[in-house]
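Here is the structure we will look at.
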2 protein chains.
Amino acid sequence: MSAENTINSKKIIVNDLEHLCKLFIMPNSMDKFVEFGRELLKLIRSFFQEKGGIHSAISVHELAELFSDSHIPEDPTFLKNVLFEIKEKLVAHSVKVGNPYYIGHMTSAIPYFMILLEMIIATLNQNQVKIESAKASTFLEREFVVWMHRLVYRESDNYYKENLLDREIAVGIVTSDGTLANLTALLVARNKLFKPQGNFKGIRKSGLFEAYKHYNTAKTVIIVGERGHYSIDKAARIFGIGEDNVIKIPVDDEDRMNVNLLEDKLNEIKEYNEKNETKIRILAVAAIAGNTETGNIDPIEKIAELTLKHKIYLHVDAAWGGSLLLCDDYRNMYAGIDKADSVSIDAHKLMYSPVSVAVCVFKNKNDLENLKHFSNYIIRPDSIDLGRFTIEGSRPFSCLKPWATLKIIGKKGFKLLFKHSFFLTKELTRIIDEHPNFERTNSPELFITNYRFVPKIVREKLYKLKHENSEKNILEFQKINDLLNELNIELHKELREEDNSFVSRTSLNCHSCYNLNTVILRAVTINPLTTKEILAEIVEQQNRLGMSIFISFFSEKLT
Amino acid sequence: MSAENTINSKKIIVNDLEHLCKLFIMPNSMDKFVEFGRELLKLIRSFFQEKGGIHSAISVHELAELFSDSHIPEDPTFLKNVLFEIKEKLVAHSVKVGNPYYIGHMTSAIPYFMILLEMIIATLNQNQVKIESAKASTFLEREFVVWMHRLVYRESDNYYKENLLDREIAVGIVTSDGTLANLTALLVARNKLFKPQGNFKGIRKSGLFEAYKHYNTAKTVIIVGERGHYSIDKAARIFGIGEDNVIKIPVDDEDRMNVNLLEDKLNEIKEYNEKNETKIRILAVAAIAGNTETGNIDPIEKIAELTLKHKIYLHVDAAWGGSLLLCDDYRNMYAGIDKADSVSIDAHKLMYSPVSVAVCVFKNKNDLENLKHFSNYIIRPDSIDLGRFTIEGSRPFSCLKPWATLKIIGKKGFKLLFKHSFFLTKELTRIIDEHPNFERTNSPELFITNYRFVPKIVREKLYKLKHENSEKNILEFQKINDLLNELNIELHKELREEDNSFVSRTSLNCHSCYNLNTVILRAVTINPLTTKEILAEIVEQQNRLGMSIFISFFSEKLT
């Protein structure tokens with residue numbers, strides 16, 4: 001049966017309510033459901049067994065054509081036909097993010113039980129906004145949040161016992177993703193900074209303009225490392241702070257926020273404030289652990305020393321790396337994280353949940369009071385409703401996924417998973433470093449390796465230019481660098497054409513390249529199904545394609 | 001096997017990576033997956049077949065105890081044991097929101113195929129933020145957004161064809177819920193209001209304080225009806241506008257924004273601005289269609305006339321009612337909606353998707369440019385990445401659910417569903433109106449009925465007091481009203497005790513009660529499985545409990 005036939009077979013199948021009701025969950029007619037469920041399990045099984053490209057060969061234009069019917073269907077269609085359409089048009093052209101050769105983004109294979117958990121979540125259809133539509137799930141979420149809080153802050157059993165039972169207290173919240181987790185943390189910081197005082201009713205009631213006037217504020221800044229996540233800029237734009245007031249502290253040679261420069265900046269602001277009537281307010285310092293471009297972790301301990309000294313709110317965006325706290329072995333990488341006022345962690349990254357679910361936890365158990373709000377028909381002040389503290393309104397019961405995962409895999413299981421990811425990262429580093437035609441551009445820490453294709457002959461030339469450092473040489477270096485950027489963009493395109501492996505591409509100002517804007521390949525090695533042999537294969541493929549492009553188009557220009 | 005046994009049976013089951021990898025999706029070992037899937041289908045089936053209370057009898061305190069382990073599990077647990085724990089601790093104590101006797105919130109039964117769609121979504125695990133992790137799903141989302149746009153704005157086929165194929169254009173976005181959809185719309189409005197001009201780089205770059213100074217602004221207001229959704233206040237707080245600057249226009253006798261008062265307010269602001277150097281800026285008027293407390297729809301056509309005249313951004317929050325546009329028969333209820341600058345619609349309400357997925361569409365196809373942002377490693381400027389326009393970062397492929405639903409049910413099927421909901425609402429109105437012991441307090445429009453228990457004898461007394469309107473009588477009325485509030489709160493509590501039906505409870509300033517704060521019962525009748533017989537049963541139960549409470553505790557005070 002072709003997709004066309006399926007579509008043509010549309011006919012009026014629902015002409016009375018009784019028939020339609022059968023589509024809804026009814027206690028006495030579940031056979032159809034079980035039947036379809038079984039068929040779908042088979043479909044899913046075959047999806048994973050299928051060989052072939054990661055992205056499907058279809059062009060963006062063809063794909064746009066496939067989904068270019070601007071009319072909402074008038075007539076109903078048989079479920080099996082729609083499932084067939086989904087299989088042909090969607091599943092066939094989806095990105096196989098779970099493929100062990102897909103090492104380009106922070107998405108990996110997920111455990112198959114996630115599919116079972118999603119079935120449960122949909123079946124229950126709880127809305128976490130209020131207890132009247134989320135009874136047990138409200139408490140499960142509170143338990144999960146406490147787990148995440150303990151992961152970071154390691155308070156006593158008593159502390160957690162009290163807070164779990166006290167409906168007034170929320171030590172954190174679950175959000176739909178890391179961006180919203182970061183927004184929540186920084187919103188708390190903003191509202192604390194411009195809290196009610198005297199006649200001033202606080203920024204929440206009176207707004208930012210009045211807040212600045214009351215607090216003699218010229219501007220408010222958020223300080224973040226150069227490799228901080230773009231959601232920090234988003235927060236500045238949304239909150240009325242202004243993107244230009246996000247101060248980006250340059251990173252050191254290992255892509256971590258340069259603490260000396262942070263200290264200089266804080267002193268500079270302090271001096272300014274001592275001299276001026278209207279002040280520069282610091283909303284927060286946002287450290288990242290680890291950053292999404294190179295995977296490196298800002299030096300939290302040293303940053304926390306400074307923020308404590310200067311009495312500044314410290315947020316740690318650990319959306320990417322926070323899950324590693326599950327293993328005590330890696331805790332030293334995050335030294336000082338328990339001094340942060342808030343920490344956000346994504347469960348859909350290293351907790352291997354499906355996209356998307358995140359959490360933000362707060363050191364001070366009263367901090368979320370700065371977001372509290374009510375509504376009459378839901379979220380009553382005396383309730384235990386989780387919706388009191390969230391930016392979102394209606395919210396799915398996503399936390400079941402990481403909660404169950406932590407039970408099923410346990411801390412011990414996660415240790416094995418992370419160990420494997422460290423192993424893969426080390427292996428990829430070794431392969432790149434030993435290969436004559438590649439250059440590594442970062443110091444991999446949390447499973448991200450940055451590198452680029454540079455044929456041996458060109459590498460030698462670059463080395464020489466750098467060695468004999470002169471102004472003329474820098475210009476020559478820059479010229480070659482630009483060509484290498486073109487070459488690597490072309491290489492990435494051809495990789496996408498072959499489509500049996502995937503790394504992502506980004507551009508960064510690289511320390512090893514005079515801080516020039518450099519196009520790099522970015523590999524994220526977190527899939528438990530990826531092996532060192534696969535990594536070697538991927539690099540070899542890149543070398544083959546790279547050499548062929550180099551010989552055809554760049555060898556004259558580059559040698 | 002008890003839950004306790006399950007927990008005790010924990011043991012080290014994962015001690016090597018190979019074993020652990022089996023939990024991840026592997027092409028060659030799917031038998032376990034299919035086996036568990038089948039078991040789960042049976043579990044889900046029995047969940048729906050189970051009789052018993054809506055909320056489970058467990059107390060909040062007992063529930064808190066059930067989820068009071070603050071320690072993340074060290075050891076792994078067998079999947080089947082965790083599924084058993086979920087069944088015993090979670091499923092058993094979840095709210096049966098799909099039960100036809102649950103008519104308290106905007107959550108209904110969902111079609112069983114939603115569970116199948118969730119399985120597909122989890123299997124594909126696409127991240128909608130960027131095309132590199134969401135190939136076909138990016139285009140499916142674009143098609144769905146265009147459907148929603150057409151629903152509201154009914155542009156030509158050509159218009160949609162061009163926009164579907166032009167990657168630069170997004171006529172709307174999918175968000176995780178209606179709150180984020182409203183936030184997105186109002187953020188666009190704010191950024192347009194304070195756009196770059198001359199030396200001023202715009203509010204996004206320079207922030208709200210500079211924006212106010214550049215645009216000579218004293219304050220910015222958002223205007224909304226008294227029954228507007230609390231997410232509008234949220235927006236004002238988050239964006240730095242300030243909650244006190246949300247102007248609430250009183251509603252008329254039918255709970256719709258009073259347009260005359262809106263006009264007065266707009267003229268008042270206009271006059272103020274003509275007289276003053278620093279101005280009051282109107283960010284937007286936010287109409288609601290319909291409101292979540294009484295279900296009534298603001299008079300959009302008349303509001304649009306005013307916003308067009310005064311050149312003000314008009315947003316329509318149609319999170320609740322927007323789906324009714326699927327039937328041309330009901331379009332006149334929304335007359336003027338195509339004049340709105342933006343409209344938000346929840347799919348997890350009247351499109352019967354699981355919690356949660358919403359959409360916001362924009363009249364002006366360039367409006368979302370006011371939110372556009374980029375990032376190096378994802379969301380490149382030249383990309384088709386949906387993440388360019390969203391407040392959220394990582395975003396699940398939730399739109400598959402309403403997209404497939406519209407295919408499976410079709411506009412014709414939705415017409416039947418809505419017709420049934422109208423029928424139920426009319427029936428409930430009739431039952432309440434014919435009953436001597438109940439008083440209806442709203443004019444139901446979109447499936448929400450507000451009423452309260454008032455024994456006949458008290459009703460007669462109230463009627464008399466109102467008829468002989470005098471100051472003394474108003475005081476007496478107020479006294480009785482307070483007692484009725486207590487009585488209805490008690491009634492609601494006892495309903496929760498019996499727990500075989502559910503309506504929600506709210507308090508509103510009711511027109512029929514001298515605008516006094518009045519506790520009311522709130523029924524939302526949208527479940528296709530609810531019948532008029534069920535409604536009669538529910539009201540009879542309420543009457544029985546109400547009379548018993550009245551006789552025991554209130555008869556002396558109230559007669």
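Going by the structure tokens order, chains are called A, B, ..., each with residues numbered from 1, while ligands are numbered from 1 in the order shown.
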Test item, strand (DSSP E or B) assignment across stretch 235-281 of chain B, answer as a list in words:
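The strand (DSSP E or B) residues within stretch 235-281 of chain B come out as Val246, Ile247, Lys248, Ile249, Val251, Met257, Lys279, Ile280 and Arg281 of chain B.
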Can you tell me which residues surround A:Ser108 at a distance of at most 7 Å, considering only C-alpha atoms, apart from same-chain residues fewer than 2 positions away, and format the answer as number ranges by chain?
A: 97-98, 106, 110, 526-527
Export of prior selection with N, CA and C atoms as a CSV table (one decimal), in the first residue's frame:
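For reference, part-v8.csv as written:
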chain,number,residue,atom,x,y,z
A,97,VAL,N,18.7,10.0,16.0
A,97,VAL,CA,19.5,10.6,17.0
A,97,VAL,C,20.1,9.5,17.9
A,98,GLY,N,19.5,8.3,17.9
A,98,GLY,CA,20.0,7.3,18.8
A,98,GLY,C,21.0,6.4,18.1
A,106,MET,N,23.9,16.9,21.7
A,106,MET,CA,23.7,16.4,23.1
A,106,MET,C,22.5,15.5,23.2
A,110,ILE,N,18.1,6.6,23.9
A,110,ILE,CA,17.5,6.6,25.2
A,110,ILE,C,17.1,5.2,25.5
A,526,ILE,N,28.4,10.5,23.9
A,526,ILE,CA,27.7,10.1,25.1
A,526,ILE,C,26.8,8.9,24.9
A,527,ASN,N,26.7,8.4,23.7
A,527,ASN,CA,25.8,7.3,23.4
A,527,ASN,C,26.5,6.0,23.9
Point out the residue among B:Phe374, B:Pro354, B:Lys161, B:Leu487 with the least atom-to-atom distance to A:Glu118, counting only C-alpha atoms.
B:Pro354
Which residue out of A:Thr138, A:Arg237, A:Ser512, A:Gly546 has the minimum interatomic distance to B:Leu371 when only C-alpha atoms are used?
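Among the listed residues, A:Arg237 lies closest to B:Leu371.
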If you count only C-alpha atoms, which residues fall within 9 Å of B:Lys372, apart from same-chain ones fewer than 6 positions away, as a count of residues only?
4
Considering only C-alpha atoms, give me a table of residues in stretch 143-191 of chain B that are at most 9 Å from stretch 277-301 of chain B, with the closest atom pair and distance in Å for each, as CSV.
residue,atom,partner,partner_atom,distance
B:Leu186,CA,B:Ala284,CA,7.2
B:Ala189,CA,B:Leu283,CA,6.1
B:Arg190,CA,B:Leu283,CA,5.8
Show me, as a list in words, the residues that have an atom within 8 Å of stretch 152-159 of chain B when counting only C-alpha atoms, minus same-chain residues fewer than 4 positions from it.
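Contacts, in chain order: Ser70 of chain A; Met148, Asn163, Leu325, Ile337, Asp338, Lys339, Val343 and Lys363 of chain B.
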Could the residues in this selection be written to a file with N, CA and C atoms, as an mmCIF file, in the first residue's frame?
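Okay, this is what ended up in out.cif:
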data_model
loop_
_atom_site.group_PDB
_atom_site.id
_atom_site.type_symbol
_atom_site.label_atom_id
_atom_site.label_comp_id
_atom_site.auth_asym_id
_atom_site.auth_seq_id
_atom_site.Cartn_x
_atom_site.Cartn_y
_atom_site.Cartn_z
ATOM 1 N N SER A 70 -1.930 23.220 3.337
ATOM 2 C CA SER A 70 -2.273 24.259 4.311
ATOM 3 C C SER A 70 -3.705 24.122 4.818
ATOM 4 N N MET B 148 -3.133 26.196 12.008
ATOM 5 C CA MET B 148 -3.674 27.019 13.087
ATOM 6 C C MET B 148 -3.802 28.479 12.648
ATOM 7 N N ASN B 163 4.569 30.866 2.319
ATOM 8 C CA ASN B 163 5.160 30.890 3.649
ATOM 9 C C ASN B 163 5.660 29.533 4.103
ATOM 10 N N LEU B 325 -12.988 27.257 16.382
ATOM 11 C CA LEU B 325 -12.918 27.787 15.019
ATOM 12 C C LEU B 325 -12.875 26.657 13.992
ATOM 13 N N ILE B 337 -11.756 38.034 15.280
ATOM 14 C CA ILE B 337 -10.494 37.423 15.740
ATOM 15 C C ILE B 337 -9.390 37.545 14.683
ATOM 16 N N ASP B 338 -9.807 37.607 13.419
ATOM 17 C CA ASP B 338 -8.804 37.736 12.354
ATOM 18 C C ASP B 338 -8.194 39.135 12.306
ATOM 19 N N LYS B 339 -8.690 40.032 13.121
ATOM 20 C CA LYS B 339 -8.076 41.365 13.209
ATOM 21 C C LYS B 339 -7.036 41.428 14.312
ATOM 22 N N VAL B 343 -2.851 35.315 18.253
ATOM 23 C CA VAL B 343 -3.875 34.479 18.901
ATOM 24 C C VAL B 343 -3.190 33.228 19.435
ATOM 25 N N LYS B 363 -0.633 37.550 12.922
ATOM 26 C CA LYS B 363 -1.218 38.092 11.689
ATOM 27 C C LYS B 363 -0.114 38.549 10.740
#
Which residues, written as number ranges by chain, have at least one atom at most 8 Å from stretch 177-185 of chain B, with only C-alpha atoms counted and residues fewer than 3 positions away on the same chain left out?
A: 391-395; B: 174, 188-189, 231-232, 235, 315, 317, 319, 342-346, 356-360, 390-391
So that I have them on file, write out the residues from the current selection with N, CA, C and O atoms, as a short mmCIF file (atom, residue, chain, number, x, y, z; two decimals), in the first residue's frame.
data_model
loop_
_atom_site.label_atom_id
_atom_site.label_comp_id
_atom_site.auth_asym_id
_atom_site.auth_seq_id
_atom_site.Cartn_x
_atom_site.Cartn_y
_atom_site.Cartn_z
N ILE A 391 7.08 29.38 35.79
CA ILE A 391 6.82 30.32 34.68
C ILE A 391 5.73 29.70 33.81
O ILE A 391 4.80 30.38 33.39
N GLU A 392 5.86 28.42 33.55
CA GLU A 392 4.83 27.73 32.77
C GLU A 392 3.51 27.64 33.52
O GLU A 392 3.49 27.75 34.74
N GLY A 393 2.43 27.41 32.81
CA GLY A 393 1.13 27.15 33.43
C GLY A 393 0.87 25.65 33.42
O GLY A 393 1.42 24.94 34.25
N SER A 394 0.07 25.17 32.46
CA SER A 394 -0.11 23.73 32.30
C SER A 394 1.25 23.08 32.08
O SER A 394 2.07 23.60 31.32
N ARG A 395 1.46 21.96 32.74
CA ARG A 395 2.79 21.36 32.67
C ARG A 395 2.65 19.85 32.73
O ARG A 395 1.95 19.32 33.58
N VAL B 174 4.97 26.76 18.08
CA VAL B 174 4.39 25.82 19.04
C VAL B 174 5.11 26.02 20.37
O VAL B 174 6.33 26.15 20.40
N VAL B 188 6.55 39.80 21.82
CA VAL B 188 6.61 40.39 20.48
C VAL B 188 6.06 41.82 20.54
O VAL B 188 6.66 42.76 20.01
N ALA B 189 4.92 41.98 21.21
CA ALA B 189 4.29 43.30 21.31
C ALA B 189 5.22 44.29 22.02
O ALA B 189 5.37 45.43 21.59
N SER B 231 -1.86 34.43 33.35
CA SER B 231 -0.58 34.49 32.64
C SER B 231 -0.28 35.90 32.13
O SER B 231 0.89 36.22 31.85
N ILE B 232 -1.29 36.74 32.02
CA ILE B 232 -1.05 38.12 31.58
C ILE B 232 -0.31 38.89 32.68
O ILE B 232 0.65 39.63 32.41
N ALA B 235 3.24 37.78 32.62
CA ALA B 235 4.00 38.45 31.57
C ALA B 235 4.47 39.82 32.07
O ALA B 235 5.63 40.20 31.90
N HIS B 315 -3.91 41.18 21.29
CA HIS B 315 -3.68 39.74 21.41
C HIS B 315 -4.97 39.07 21.89
O HIS B 315 -5.64 39.59 22.78
N ASP B 317 -6.23 35.75 23.67
CA ASP B 317 -5.90 34.53 24.39
C ASP B 317 -7.07 33.56 24.19
O ASP B 317 -8.05 33.58 24.93
N ALA B 319 -6.71 30.32 24.30
CA ALA B 319 -6.17 29.04 24.77
C ALA B 319 -7.32 28.05 25.00
O ALA B 319 -7.25 26.91 24.57
N SER B 342 -2.19 38.70 17.28
CA SER B 342 -1.76 37.34 17.61
C SER B 342 -2.87 36.63 18.36
O SER B 342 -3.71 37.26 19.00
N VAL B 343 -2.85 35.31 18.25
CA VAL B 343 -3.87 34.48 18.90
C VAL B 343 -3.19 33.23 19.43
O VAL B 343 -2.41 32.59 18.73
N SER B 344 -3.48 32.89 20.69
CA SER B 344 -2.92 31.63 21.21
C SER B 344 -4.03 30.61 21.44
O SER B 344 -5.14 30.96 21.83
N ILE B 345 -3.71 29.37 21.18
CA ILE B 345 -4.67 28.26 21.29
C ILE B 345 -3.98 27.07 21.95
O ILE B 345 -2.88 26.70 21.57
N ASP B 346 -4.64 26.48 22.94
CA ASP B 346 -4.11 25.26 23.57
C ASP B 346 -4.64 24.03 22.85
O ASP B 346 -5.84 23.93 22.60
N SER B 356 1.13 18.79 27.62
CA SER B 356 0.56 20.03 27.18
C SER B 356 1.19 20.45 25.87
O SER B 356 2.35 20.15 25.63
N VAL B 357 0.43 21.15 25.05
CA VAL B 357 0.97 21.72 23.80
C VAL B 357 0.05 22.85 23.33
O VAL B 357 -1.17 22.73 23.36
N ALA B 358 0.67 23.96 22.97
CA ALA B 358 -0.09 25.13 22.54
C ALA B 358 0.55 25.75 21.31
O ALA B 358 1.62 25.32 20.87
N VAL B 359 -0.13 26.74 20.76
CA VAL B 359 0.40 27.40 19.57
C VAL B 359 0.06 28.87 19.67
O VAL B 359 -0.93 29.25 20.29
N CYS B 360 0.92 29.71 19.10
CA CYS B 360 0.61 31.12 19.00
C CYS B 360 0.83 31.53 17.55
O CYS B 360 1.90 31.25 16.99
N THR B 390 11.74 30.83 19.48
CA THR B 390 11.05 30.36 20.68
C THR B 390 11.69 30.87 21.97
O THR B 390 12.90 31.08 22.03
N ILE B 391 10.85 31.06 22.99
CA ILE B 391 11.38 31.36 24.32
C ILE B 391 12.08 30.12 24.84
O ILE B 391 13.16 30.19 25.41
#
Output as an MDAnalysis selection string all residues of stretch 387-535 of chain A that backbone DSSP marks as helix (DSSP H, G or I).
chainID A and resid 387:389 400:434 456:467 471:498 511:513 532:535
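The nearest approach to B:Asn125 among the residues A:His348, A:Lys461, A:His214, A:Arg452, with only C-alpha atoms taken into account, belongs to A:His348.
Comparing the minimum interatomic distances between chain A and each of B:Asn469, B:Ser507, B:Ser421, B:Ser398, counting only C-alpha atoms, we find that B:Ser507 sits nearest.
Closest approach to chain A from the set B:Gly242, B:Gly172, B:Gly202, B:Gly322 is made by B:Gly242, with distances taken over only C-alpha atoms.
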From the set B:Ile44, B:Cys513, B:Ala318, B:Cys399, which residue has the shortest atom-to-atom contact distance to chain A, counting only C-alpha atoms?
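Among the listed residues, the smallest separation from chain A belongs to B:Ile44.
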